[in-house]
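Trainee: Structure file model.tsv (TSV, C-alpha atoms and all ligand atoms) right here:
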```tsv
chain	number	residue	atom	x	y	z
A	1	MET	CA	-6.41	38.93	-22.46
A	2	LYS	CA	-5.97	41.19	-19.49
A	3	ILE	CA	-2.60	41.45	-17.77
A	4	THR	CA	-1.63	43.35	-14.62
A	5	LEU	CA	1.95	44.53	-14.19
A	6	ASP	CA	3.13	45.55	-10.77
A	7	PRO	CA	6.35	47.56	-10.62
A	8	GLY	CA	7.53	47.00	-7.06
A	9	HIS	CA	8.02	49.64	-4.33
A	10	GLY	CA	7.85	53.45	-4.68
A	11	PRO	CA	10.09	55.78	-6.71
A	12	PHE	CA	13.05	55.85	-4.32
A	13	GLY	CA	12.63	52.34	-2.98
A	14	ASN	CA	15.73	50.16	-2.60
A	15	PRO	CA	18.85	51.94	-3.83
A	16	GLY	CA	21.30	49.88	-5.86
A	17	VAL	CA	25.05	49.61	-5.58
A	18	LEU	CA	25.38	52.24	-8.34
A	19	PRO	CA	24.53	55.80	-7.28
A	20	GLY	CA	21.14	56.89	-8.63
A	21	TYR	CA	19.80	53.37	-9.12
A	22	TYR	CA	16.49	52.81	-7.36
A	23	GLU	CA	14.68	49.53	-7.84
A	24	GLY	CA	11.28	51.23	-7.57
A	25	THR	CA	12.12	53.63	-10.42
A	26	ARG	CA	13.78	51.15	-12.77
A	27	VAL	CA	11.02	48.55	-12.54
A	28	TYR	CA	8.44	51.31	-13.04
A	29	MET	CA	10.15	52.11	-16.33
A	30	LEU	CA	10.33	48.42	-17.20
A	31	ALA	CA	6.57	48.15	-16.65
A	32	GLN	CA	5.87	51.01	-19.09
A	33	THR	CA	8.01	49.39	-21.79
A	34	LEU	CA	6.58	45.93	-21.14
A	35	LYS	CA	3.03	47.31	-21.39
A	36	GLU	CA	3.84	48.80	-24.78
A	37	GLU	CA	5.38	45.53	-26.00
A	38	LEU	CA	2.42	43.45	-24.76
A	39	GLU	CA	-0.16	45.78	-26.23
A	40	ALA	CA	1.50	45.37	-29.62
A	41	TYR	CA	-0.30	42.02	-29.65
A	42	LYS	CA	-3.96	41.66	-30.59
A	43	GLY	CA	-6.47	41.55	-27.77
A	44	THR	CA	-4.12	42.43	-24.91
A	45	GLU	CA	-4.93	45.02	-22.29
A	46	VAL	CA	-2.33	45.86	-19.66
A	47	VAL	CA	-3.04	47.54	-16.32
A	48	ILE	CA	-0.16	48.88	-14.23
A	49	THR	CA	-0.68	48.95	-10.46
A	50	ARG	CA	1.29	52.19	-10.00
A	51	LYS	CA	-0.55	54.89	-11.93
A	52	THR	CA	2.39	57.28	-11.57
A	53	LEU	CA	6.05	56.91	-10.63
A	54	ASP	CA	5.28	58.31	-7.17
A	55	ASP	CA	2.52	55.80	-6.51
A	56	ASN	CA	3.26	53.13	-3.91
A	57	PRO	CA	0.11	51.06	-3.25
A	58	SER	CA	-0.04	48.45	-0.50
A	59	LEU	CA	0.93	44.87	-1.35
A	60	ALA	CA	-2.71	43.83	-0.94
A	61	ASN	CA	-3.88	46.52	-3.36
A	62	ARG	CA	-1.27	45.57	-5.96
A	63	GLY	CA	-2.37	41.94	-6.15
A	64	GLY	CA	-5.93	43.05	-5.47
A	65	GLU	CA	-5.90	45.16	-8.63
A	66	ALA	CA	-5.36	42.02	-10.74
A	67	ALA	CA	-8.02	40.13	-8.80
A	68	LYS	CA	-10.46	42.98	-9.26
A	69	ASN	CA	-9.89	43.76	-12.93
A	70	GLY	CA	-10.15	40.16	-14.13
A	71	SER	CA	-6.54	39.68	-15.24
A	72	GLU	CA	-5.40	36.21	-16.21
A	73	LEU	CA	-1.75	37.05	-15.64
A	74	PHE	CA	-0.14	39.10	-12.86
A	75	ILE	CA	3.56	39.91	-12.78
A	76	SER	CA	5.28	41.86	-10.03
A	77	LEU	CA	8.53	43.32	-11.40
A	78	HIS	CA	11.61	43.63	-9.19
A	79	SER	CA	15.36	43.57	-8.93
A	80	ASN	CA	16.75	41.64	-6.00
A	81	ALA	CA	18.94	42.59	-3.02
A	82	ALA	CA	21.31	40.72	-0.72
A	83	SER	CA	23.95	41.71	1.81
A	84	ASN	CA	26.49	39.66	-0.13
A	85	PRO	CA	27.48	41.77	-3.17
A	86	ALA	CA	28.41	38.60	-5.05
A	87	ALA	CA	24.84	37.29	-5.06
A	88	HIS	CA	23.42	37.37	-8.59
A	89	GLY	CA	20.90	35.73	-10.91
A	90	VAL	CA	17.22	35.76	-11.77
A	91	SER	CA	14.49	34.35	-9.50
A	92	VAL	CA	10.88	33.69	-10.36
A	93	PHE	CA	8.28	33.11	-7.66
A	94	ARG	CA	4.91	31.65	-8.53
A	95	SER	CA	1.79	31.02	-6.47
A	96	VAL	CA	1.61	27.77	-4.53
A	97	LYS	CA	-2.08	27.78	-5.44
A	98	ARG	CA	-1.28	27.61	-9.17
A	99	PRO	CA	0.85	24.51	-9.91
A	100	ASP	CA	-0.02	24.86	-13.62
A	101	SER	CA	1.84	28.16	-13.74
A	102	GLU	CA	5.24	26.47	-13.30
A	103	LYS	CA	5.84	26.13	-17.04
A	104	LEU	CA	5.25	29.78	-17.99
A	105	GLY	CA	7.30	30.86	-14.96
A	106	ARG	CA	10.21	28.79	-16.20
A	107	LEU	CA	9.91	30.08	-19.77
A	108	LEU	CA	9.93	33.67	-18.48
A	109	GLY	CA	12.86	33.04	-16.14
A	110	GLU	CA	14.94	31.34	-18.82
A	111	ALA	CA	14.20	34.04	-21.39
A	112	VAL	CA	15.19	36.85	-19.01
A	113	VAL	CA	18.40	35.00	-18.14
A	114	ASN	CA	19.25	34.50	-21.82
A	115	VAL	CA	18.86	38.16	-22.62
A	116	MET	CA	20.70	39.41	-19.50
A	117	LYS	CA	23.52	36.89	-19.76
A	118	LYS	CA	24.50	38.22	-23.20
A	119	ARG	CA	25.86	41.32	-21.55
A	120	THR	CA	26.49	40.36	-17.93
A	121	ASP	CA	28.12	36.93	-18.50
A	122	ILE	CA	27.13	35.94	-14.97
A	123	THR	CA	23.32	35.85	-14.89
A	124	TYR	CA	21.71	32.45	-14.33
A	125	LEU	CA	18.32	31.13	-13.23
A	126	ARG	CA	18.27	30.69	-9.48
A	127	GLY	CA	14.96	28.92	-9.79
A	128	VAL	CA	11.22	29.02	-10.29
A	129	MET	CA	10.05	28.79	-6.71
A	130	THR	CA	7.13	29.02	-4.36
A	131	ARG	CA	7.53	30.61	-0.97
A	132	THR	CA	4.87	29.77	1.57
A	133	GLU	CA	3.88	30.39	5.15
A	134	ASN	CA	1.53	28.71	7.56
A	135	TYR	CA	-1.51	30.77	8.40
A	136	ASN	CA	-3.97	29.33	10.93
A	137	GLY	CA	-2.99	25.84	9.86
A	138	THR	CA	-3.24	26.42	6.10
A	139	VAL	CA	-0.40	26.89	3.65
A	140	GLN	CA	-0.52	30.17	1.76
A	141	ASP	CA	1.76	32.27	-0.42
A	142	TYR	CA	4.29	34.22	1.64
A	143	TYR	CA	4.41	37.21	-0.69
A	144	GLY	CA	1.46	39.57	-0.23
A	145	VAL	CA	1.22	40.56	-3.89
A	146	ILE	CA	0.93	36.95	-5.01
A	147	ARG	CA	-1.38	36.02	-2.16
A	148	SER	CA	-3.80	38.86	-2.86
A	149	SER	CA	-3.83	38.31	-6.62
A	150	VAL	CA	-4.83	34.64	-6.51
A	151	LYS	CA	-7.86	35.44	-4.39
A	152	SER	CA	-9.57	35.63	-7.78
A	153	ASP	CA	-9.86	32.35	-9.70
A	154	LYS	CA	-9.43	34.33	-12.89
A	155	VAL	CA	-5.79	35.08	-12.03
A	156	LYS	CA	-4.32	31.81	-13.30
A	157	TYR	CA	-0.72	32.99	-13.40
A	158	SER	CA	0.84	35.09	-10.66
A	159	TYR	CA	4.57	35.80	-10.47
A	160	ILE	CA	7.28	37.88	-8.92
A	161	ILE	CA	10.26	38.21	-11.24
A	162	GLU	CA	13.54	39.36	-9.69
A	163	HIS	CA	15.62	40.71	-12.59
A	164	GLY	CA	19.09	40.11	-11.14
A	165	PHE	CA	20.46	41.82	-8.01
A	166	HIS	CA	20.85	45.59	-7.74
A	167	THR	CA	23.35	44.87	-4.94
A	168	ASN	CA	25.58	43.22	-7.54
A	169	LEU	CA	27.68	45.68	-9.55
A	170	THR	CA	27.35	43.86	-12.87
A	171	GLU	CA	23.61	43.20	-12.72
A	172	CYS	CA	22.87	46.66	-11.30
A	173	GLY	CA	24.83	48.15	-14.21
A	174	TYR	CA	22.81	46.06	-16.61
A	175	MET	CA	19.46	47.11	-15.18
A	176	PHE	CA	20.54	50.76	-15.10
A	177	ASP	CA	20.66	50.83	-18.90
A	178	ASP	CA	17.48	51.70	-20.87
A	179	LYS	CA	18.47	49.33	-23.70
A	180	SER	CA	18.45	46.48	-21.18
A	181	LEU	CA	14.93	47.31	-20.04
A	182	SER	CA	13.70	47.34	-23.62
A	183	ASP	CA	15.47	43.99	-24.32
A	184	ILE	CA	13.86	42.44	-21.24
A	185	ALA	CA	10.43	43.82	-22.10
A	186	LYS	CA	10.66	42.49	-25.65
A	187	THR	CA	11.66	39.03	-24.58
A	188	GLU	CA	9.07	38.80	-21.79
A	189	ALA	CA	6.32	39.93	-24.17
A	190	GLU	CA	7.44	37.37	-26.76
A	191	VAL	CA	7.33	34.54	-24.23
A	192	ILE	CA	3.86	35.56	-23.04
A	193	ALA	CA	2.58	35.98	-26.60
A	194	LYS	CA	3.89	32.57	-27.65
A	195	TYR	CA	2.49	30.86	-24.55
A	196	PHE	CA	-0.99	32.31	-25.00
A	197	GLY	CA	-0.93	32.19	-28.80
A	198	LEU	CA	-1.21	35.96	-29.24
A	199	GLU	CA	-0.76	37.48	-32.67
A	200	LYS	CA	1.06	40.73	-33.38
A	201	LYS	CA	-1.26	43.59	-34.32
A	202	ASP	CA	-1.25	44.20	-38.00
A	203	ASP	CA	0.02	47.74	-38.13
A	204	GLY	CA	1.12	47.40	-41.78
A	205	LYS	CA	1.87	50.40	-43.94
A	206	PRO	CA	-0.46	53.32	-44.50
A	207	VAL	CA	-2.38	53.12	-47.79
A	208	GLY	CA	-2.41	56.89	-48.07
A	209	TYR	CA	-2.87	60.01	-46.04
A	210	ILE	CA	-5.21	62.90	-45.50
A	211	GLU	CA	-4.09	66.47	-45.07
A	212	TYR	CA	-4.95	68.48	-42.03
A	213	ALA	CA	-4.35	72.22	-41.78
A	214	VAL	CA	-3.28	73.20	-38.27
A	215	GLN	CA	-5.84	75.45	-36.54
A	216	PRO	CA	-5.01	78.12	-33.94
A	217	GLY	CA	-4.52	76.44	-30.56
A	218	ASP	CA	-3.90	72.96	-32.02
A	219	THR	CA	-1.24	70.72	-30.58
A	220	LEU	CA	0.08	67.61	-32.25
A	221	SER	CA	-1.39	65.47	-29.46
A	222	ALA	CA	-4.82	67.05	-29.92
A	223	ILE	CA	-4.71	66.41	-33.67
A	224	ALA	CA	-3.53	62.85	-33.05
A	225	ARG	CA	-6.40	62.24	-30.62
A	226	LYS	CA	-8.90	63.50	-33.17
A	227	TYR	CA	-7.71	60.94	-35.71
A	228	GLY	CA	-7.11	58.01	-33.41
A	229	THR	CA	-3.32	58.07	-33.67
A	230	THR	CA	-0.42	59.28	-31.52
A	231	TRP	CA	1.68	62.45	-31.64
A	232	ARG	CA	4.70	60.21	-32.04
A	233	GLU	CA	3.33	58.62	-35.18
A	234	LEU	CA	2.43	62.02	-36.64
A	235	ALA	CA	5.87	63.38	-35.79
A	236	ASP	CA	7.54	60.40	-37.49
A	237	TYR	CA	5.24	60.36	-40.49
A	238	ASN	CA	5.68	64.09	-41.10
A	239	LYS	CA	9.37	64.00	-40.20
A	240	LEU	CA	8.83	66.82	-37.71
A	241	GLU	CA	12.07	67.69	-35.96
A	242	ASN	CA	10.32	69.39	-33.06
A	243	PRO	CA	6.82	68.03	-32.39
A	244	ASP	CA	6.14	70.94	-30.00
A	245	LEU	CA	6.57	73.43	-32.80
A	246	ILE	CA	3.66	73.47	-35.23
A	247	PHE	CA	2.09	76.59	-36.69
A	248	THR	CA	-1.37	77.60	-37.85
A	249	GLY	CA	-1.95	76.64	-41.47
A	250	GLN	CA	0.82	74.05	-41.51
A	251	ILE	CA	-0.27	70.89	-43.31
A	252	ILE	CA	0.03	67.74	-41.22
A	253	LYS	CA	-0.35	64.45	-43.06
A	254	ILE	CA	-2.47	61.91	-41.23
A	255	PRO	CA	-1.70	58.34	-42.32
A	256	VAL	CA	-4.64	56.18	-43.43
A	257	TYR	CA	-4.37	52.42	-42.98
A	258	ASP	CA	-7.62	50.96	-44.20
A	259	GLU	CA	-8.39	50.84	-47.89
A	260	ILE	CA	-12.18	50.87	-48.19
A	261	ASN	CA	-13.60	49.73	-51.51
A	262	VAL	CA	-17.08	50.06	-52.95
A	263	GLY	CA	-19.13	47.11	-51.71
A	264	ASP	CA	-17.20	46.69	-48.42
A	265	VAL	CA	-19.36	46.47	-45.33
A	266	VAL	CA	-18.23	49.11	-42.85
A	267	LYS	CA	-19.08	50.41	-39.43
A	268	ILE	CA	-18.41	53.70	-37.71
A	269	LYS	CA	-15.36	53.53	-35.46
A	270	ASP	CA	-16.19	53.61	-31.76
A	271	ASP	CA	-14.22	56.76	-30.99
A	272	VAL	CA	-15.70	58.87	-33.77
A	273	ASN	CA	-18.53	61.25	-32.99
A	274	THR	CA	-19.11	63.28	-36.12
A	275	TYR	CA	-19.56	62.41	-39.78
A	276	PHE	CA	-16.52	64.27	-40.84
A	277	PRO	CA	-14.01	66.67	-39.35
A	278	GLY	CA	-16.22	69.67	-38.78
A	279	GLY	CA	-19.32	67.71	-39.71
A	280	ARG	CA	-22.48	67.35	-37.69
A	281	PRO	CA	-22.65	64.81	-34.86
A	282	PHE	CA	-23.84	61.30	-35.58
A	283	SER	CA	-27.37	60.64	-34.53
A	284	LYS	CA	-27.47	57.78	-32.06
A	285	TRP	CA	-29.22	55.42	-34.45
A	286	VAL	CA	-26.46	55.75	-37.03
A	287	ARG	CA	-24.22	53.51	-34.94
A	288	ASP	CA	-26.90	50.84	-34.81
A	289	TYR	CA	-26.24	49.76	-38.40
A	290	TYR	CA	-23.47	48.58	-40.67
A	291	TYR	CA	-23.29	50.13	-44.11
A	292	VAL	CA	-22.30	49.11	-47.60
A	293	ALA	CA	-19.71	51.51	-49.00
A	294	ALA	CA	-21.51	52.95	-52.02
A	295	GLN	CA	-18.84	55.21	-53.44
A	296	THR	CA	-15.39	56.42	-52.54
A	297	GLY	CA	-13.58	59.54	-53.48
A	298	ASP	CA	-11.58	62.37	-52.17
A	299	SER	CA	-13.06	65.50	-50.80
A	300	LYS	CA	-11.72	67.69	-53.55
A	301	GLY	CA	-15.02	66.88	-55.20
A	302	ARG	CA	-18.36	67.57	-53.58
A	303	PRO	CA	-20.22	66.96	-51.34
A	304	VAL	CA	-17.67	66.72	-48.54
A	305	TYR	CA	-16.52	69.65	-46.54
A	306	ARG	CA	-12.78	69.89	-46.58
A	307	GLY	CA	-10.02	69.42	-49.15
A	308	GLY	CA	-7.76	66.42	-49.26
A	309	ASP	CA	-9.66	63.80	-47.31
A	310	ARG	CA	-10.46	60.38	-48.66
A	311	CYS	CA	-14.10	59.62	-48.13
A	312	VAL	CA	-16.64	56.90	-48.41
A	313	LEU	CA	-20.35	57.24	-49.13
A	314	LEU	CA	-22.25	55.18	-46.57
A	315	GLY	CA	-24.99	53.48	-48.56
A	316	ASP	CA	-27.34	50.63	-47.66
A	317	LYS	CA	-28.09	50.09	-44.00
A	318	ILE	CA	-27.45	46.58	-42.75
A	319	ASN	CA	-28.79	45.01	-39.59
A	320	LYS	CA	-25.78	44.23	-37.40
A	321	LYS	CA	-27.17	40.94	-36.13
A	322	SER	CA	-28.93	39.41	-39.13
A	323	GLY	CA	-26.85	40.97	-41.92
A	324	ALA	CA	-30.09	41.89	-43.73
A	325	HIS	CA	-30.45	45.14	-45.65
A	326	VAL	CA	-32.97	47.38	-43.91
A	327	GLY	CA	-34.86	50.48	-44.99
A	328	SER	CA	-33.45	53.09	-47.29
A	329	PRO	CA	-29.74	53.90	-47.71
A	330	ILE	CA	-28.24	56.60	-45.51
A	331	ASN	CA	-26.17	58.29	-48.24
A	332	SER	CA	-23.82	60.31	-46.05
A	333	TRP	CA	-20.12	60.86	-46.53
A	334	ALA	CA	-17.60	59.89	-43.88
A	335	SER	CA	-13.84	60.06	-43.81
A	336	VAL	CA	-12.24	56.66	-44.51
A	337	ASN	CA	-10.42	57.19	-41.23
A	338	TYR	CA	-13.76	57.22	-39.48
A	339	VAL	CA	-15.00	53.86	-40.66
A	340	GLU	CA	-13.61	50.35	-40.54
A	341	LYS	CA	-14.34	47.19	-42.44
A	342	VAL	CA	-16.53	44.60	-40.78
A	343	GLU	CA	-14.70	41.26	-40.86
B	401	ZN	ZN	11.73	44.39	-4.85
```
Could you express the structure from this file as structure tokens?
Ligand SMILES: [Zn+2]
Mentor:
Amino acid sequence: MKITLDPGHGPFGNPGVLPGYYEGTRVYMLAQTLKEELEAYKGTEVVITRKTLDDNPSLANRGGEAAKNGSELFISLHSNAASNPAAHGVSVFRSVKRPDSEKLGRLLGEAVVNVMKKRTDITYLRGVMTRTENYNGTVQDYYGVIRSSVKSDKVKYSYIIEHGFHTNLTECGYMFDDKSLSDIAKTEAEVIAKYFGLEKKDDGKPVGYIEYAVQPGDTLSAIARKYGTTWRELADYNKLENPDLIFTGQIIKIPVYDEINVGDVVKIKDDVNTYFPGGRPFSKWVRDYYYVAAQTGDSKGRPVYRGGDRCVLLGDKINKKSGAHVGSPINSWASVNYVEKVE
């Protein structure tokens, strides 16, 4: 499912009672963490309305982004303000046009309260509310972000969540702590995942690794990109103390997750363009088929190009639609990291 997160305001919007706290910066950070938590579930794609911290799109464009990109869920992230420094608590606003969104709004509000209350003692749910205005005789949502998001029927859930008050010393202190943002993000993602029946991605344990010798000009991020992983994972896996410091010839282990066995039906991963690191580019037609893995091995034997990789011989061609074997086998080697099993 597609989700749009909207961190409110710009970077220095709405200072809090603690020096250095800006609502627009804190909720931007919350959005990044929440995106990561949500995308740990299968089939989720999260769009953030502010592309950078400095971004400050109009209210119409924030909600409009969700309407345009086909999101089912839109959440505008905020911390609240009041002239009375005693004011505190969590508020959730939902669209008046979406009465069915009351339940998820309440679940989110209650979950955020439960996690905040553990450390603030004072946080409570002020309510799951609608706020409306009369426009040319019709009732519409008062908040521009909500109003613009529900212009698309696809946006079935549209909320503003006020994560406590940054004008309250206790709640501002809470929101100023990175651990708090990660706690909130975790709990919000869990509520959303449970409500929509999302399953955690199966990131299991690697079944092995391949060895990559660092080339002149390589960076860890560039190597990670090449193998469909992240510099962070490579740094962790290789226990690199300083990920910025790699040297030519250094061996970086690339974790391999999929165990491919002879007889498995495989396809070429979407982001792979060549048969093998350093191999020739795939012809277009190669992607048009599935293949039966005919043999596996590591590249210390022939006929693959580079030492250390675990490889699979792509054998019989299979028609993607009918599942029928077609023509003669392809008989080319590919890295196991370059293919995936067809379910
Ligand atoms: Zn705000």
Trainee: I want to know what sits within 10 Å of Tyr174 of chain A, based on all atoms listed in the file, with residues of the same chain fewer than 2 positions away left out; could you give that as a PyMOL selection string?
Mentor: chain A and resi 116-117+119-120+163-166+168-172+176-181
Trainee: With distances taken over all atoms listed in the file, which of A:Val47, A:Leu53, A:Leu77, A:Val112 is nearest to ligand ZN 401 (chain B)?
Mentor: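 Of the candidates, the smallest distance to ligand ZN 401 (chain B) is held by A:Leu77.
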Trainee: Could you check which of A:Lys321, A:Ala86, A:Ile184, A:Ser332 is closest to Glu37 of chain A, using all atoms listed in the file?
Mentor: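 Selected residue with least distance to Glu37 of chain A: A:Ile184.
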Trainee: Dump as a list in words all residues having an atom at most 7 Å from (-17.7, 58.3, -44.0), computed in the file's coordinates with only C-alpha atoms.
Mentor: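 Selection result: Tyr275, Phe276, Cys311, Val312, Leu313, Leu314, Ser332, Trp333, Ala334, Ser335, Val336, Tyr338 and Val339 of chain A.
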Trainee: Go through the chains and note each residue within 12 Å of ligand ZN 401 (chain B), using only C-alpha atoms and all ligand atoms, then give the set as a PDB file with C-alpha atoms, in the frame of the given file.
Mentor:
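Below is the file that was written, pocket_10.pdb:
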```
ATOM      1  CA  ASP A   6       3.130  45.550 -10.770  1.00  0.00           C
ATOM      2  CA  PRO A   7       6.350  47.560 -10.620  1.00  0.00           C
ATOM      3  CA  GLY A   8       7.530  47.000  -7.060  1.00  0.00           C
ATOM      4  CA  HIS A   9       8.020  49.640  -4.330  1.00  0.00           C
ATOM      5  CA  GLY A  10       7.850  53.450  -4.680  1.00  0.00           C
ATOM      6  CA  PRO A  11      10.090  55.780  -6.710  1.00  0.00           C
ATOM      7  CA  PHE A  12      13.050  55.850  -4.320  1.00  0.00           C
ATOM      8  CA  GLY A  13      12.630  52.340  -2.980  1.00  0.00           C
ATOM      9  CA  ASN A  14      15.730  50.160  -2.600  1.00  0.00           C
ATOM     10  CA  PRO A  15      18.850  51.940  -3.830  1.00  0.00           C
ATOM     11  CA  GLY A  16      21.300  49.880  -5.860  1.00  0.00           C
ATOM     12  CA  TYR A  22      16.490  52.810  -7.360  1.00  0.00           C
ATOM     13  CA  GLU A  23      14.680  49.530  -7.840  1.00  0.00           C
ATOM     14  CA  GLY A  24      11.280  51.230  -7.570  1.00  0.00           C
ATOM     15  CA  THR A  25      12.120  53.630 -10.420  1.00  0.00           C
ATOM     16  CA  ARG A  26      13.780  51.150 -12.770  1.00  0.00           C
ATOM     17  CA  VAL A  27      11.020  48.550 -12.540  1.00  0.00           C
ATOM     18  CA  TYR A  28       8.440  51.310 -13.040  1.00  0.00           C
ATOM     19  CA  LEU A  59       0.930  44.870  -1.350  1.00  0.00           C
ATOM     20  CA  SER A  76       5.280  41.860 -10.030  1.00  0.00           C
ATOM     21  CA  LEU A  77       8.530  43.320 -11.400  1.00  0.00           C
ATOM     22  CA  HIS A  78      11.610  43.630  -9.190  1.00  0.00           C
ATOM     23  CA  SER A  79      15.360  43.570  -8.930  1.00  0.00           C
ATOM     24  CA  ASN A  80      16.750  41.640  -6.000  1.00  0.00           C
ATOM     25  CA  ALA A  81      18.940  42.590  -3.020  1.00  0.00           C
ATOM     26  CA  ALA A  82      21.310  40.720  -0.720  1.00  0.00           C
ATOM     27  CA  SER A  91      14.490  34.350  -9.500  1.00  0.00           C
ATOM     28  CA  TYR A 143       4.410  37.210  -0.690  1.00  0.00           C
ATOM     29  CA  VAL A 145       1.220  40.560  -3.890  1.00  0.00           C
ATOM     30  CA  ILE A 160       7.280  37.880  -8.920  1.00  0.00           C
ATOM     31  CA  ILE A 161      10.260  38.210 -11.240  1.00  0.00           C
ATOM     32  CA  GLU A 162      13.540  39.360  -9.690  1.00  0.00           C
ATOM     33  CA  HIS A 163      15.620  40.710 -12.590  1.00  0.00           C
ATOM     34  CA  GLY A 164      19.090  40.110 -11.140  1.00  0.00           C
ATOM     35  CA  PHE A 165      20.460  41.820  -8.010  1.00  0.00           C
ATOM     36  CA  HIS A 166      20.850  45.590  -7.740  1.00  0.00           C
ATOM     37  CA  THR A 167      23.350  44.870  -4.940  1.00  0.00           C
TER      38      THR A 167
END
```
Trainee: Show me, as a list of chain:residue names, the residues that have an atom within 12 Å of Asp270 of chain A when counting all atoms listed in the file, minus same-chain residues fewer than 5 positions from it.
Mentor: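 The residues that qualify are A:Tyr227, A:Gly228, A:Phe282, A:Val286, A:Arg287, A:Asp288, A:Asn337, A:Tyr338, A:Val339, A:Glu340.
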Trainee: Those same residues - C-alpha atoms - I'd like them written as a PDB file, keeping the file's coordinate frame.
Mentor:
```pdb
ATOM      1  CA  TYR A 227      -7.710  60.940 -35.710  1.00  0.00           C
ATOM      2  CA  GLY A 228      -7.110  58.010 -33.410  1.00  0.00           C
ATOM      3  CA  PHE A 282     -23.840  61.300 -35.580  1.00  0.00           C
ATOM      4  CA  VAL A 286     -26.460  55.750 -37.030  1.00  0.00           C
ATOM      5  CA  ARG A 287     -24.220  53.510 -34.940  1.00  0.00           C
ATOM      6  CA  ASP A 288     -26.900  50.840 -34.810  1.00  0.00           C
ATOM      7  CA  ASN A 337     -10.420  57.190 -41.230  1.00  0.00           C
ATOM      8  CA  TYR A 338     -13.760  57.220 -39.480  1.00  0.00           C
ATOM      9  CA  VAL A 339     -15.000  53.860 -40.660  1.00  0.00           C
ATOM     10  CA  GLU A 340     -13.610  50.350 -40.540  1.00  0.00           C
TER      11      GLU A 340
END
```
Trainee: Between A:Lys253, A:Lys194, A:Leu240, A:Val326, which has the minimum distance to Ala224 of chain A (counting only C-alpha atoms)?
Mentor: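 Smallest distance to Ala224 of chain A is found for A:Lys253.
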Trainee: Please, what distance in Å, to one decimal, runs between atom CA of Tyr212 of chain A and atom CA of Asp264 of chain A?
Mentor: 25.8 Å
Trainee: From the set A:Thr132, A:Gly249, A:Arg94, A:Val150, which residue has the shortest atom-to-atom contact distance to Arg62 of chain A, counting all atoms listed in the file?
Mentor: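 Answer, going by the shortest atom-to-atom distance: A:Val150.
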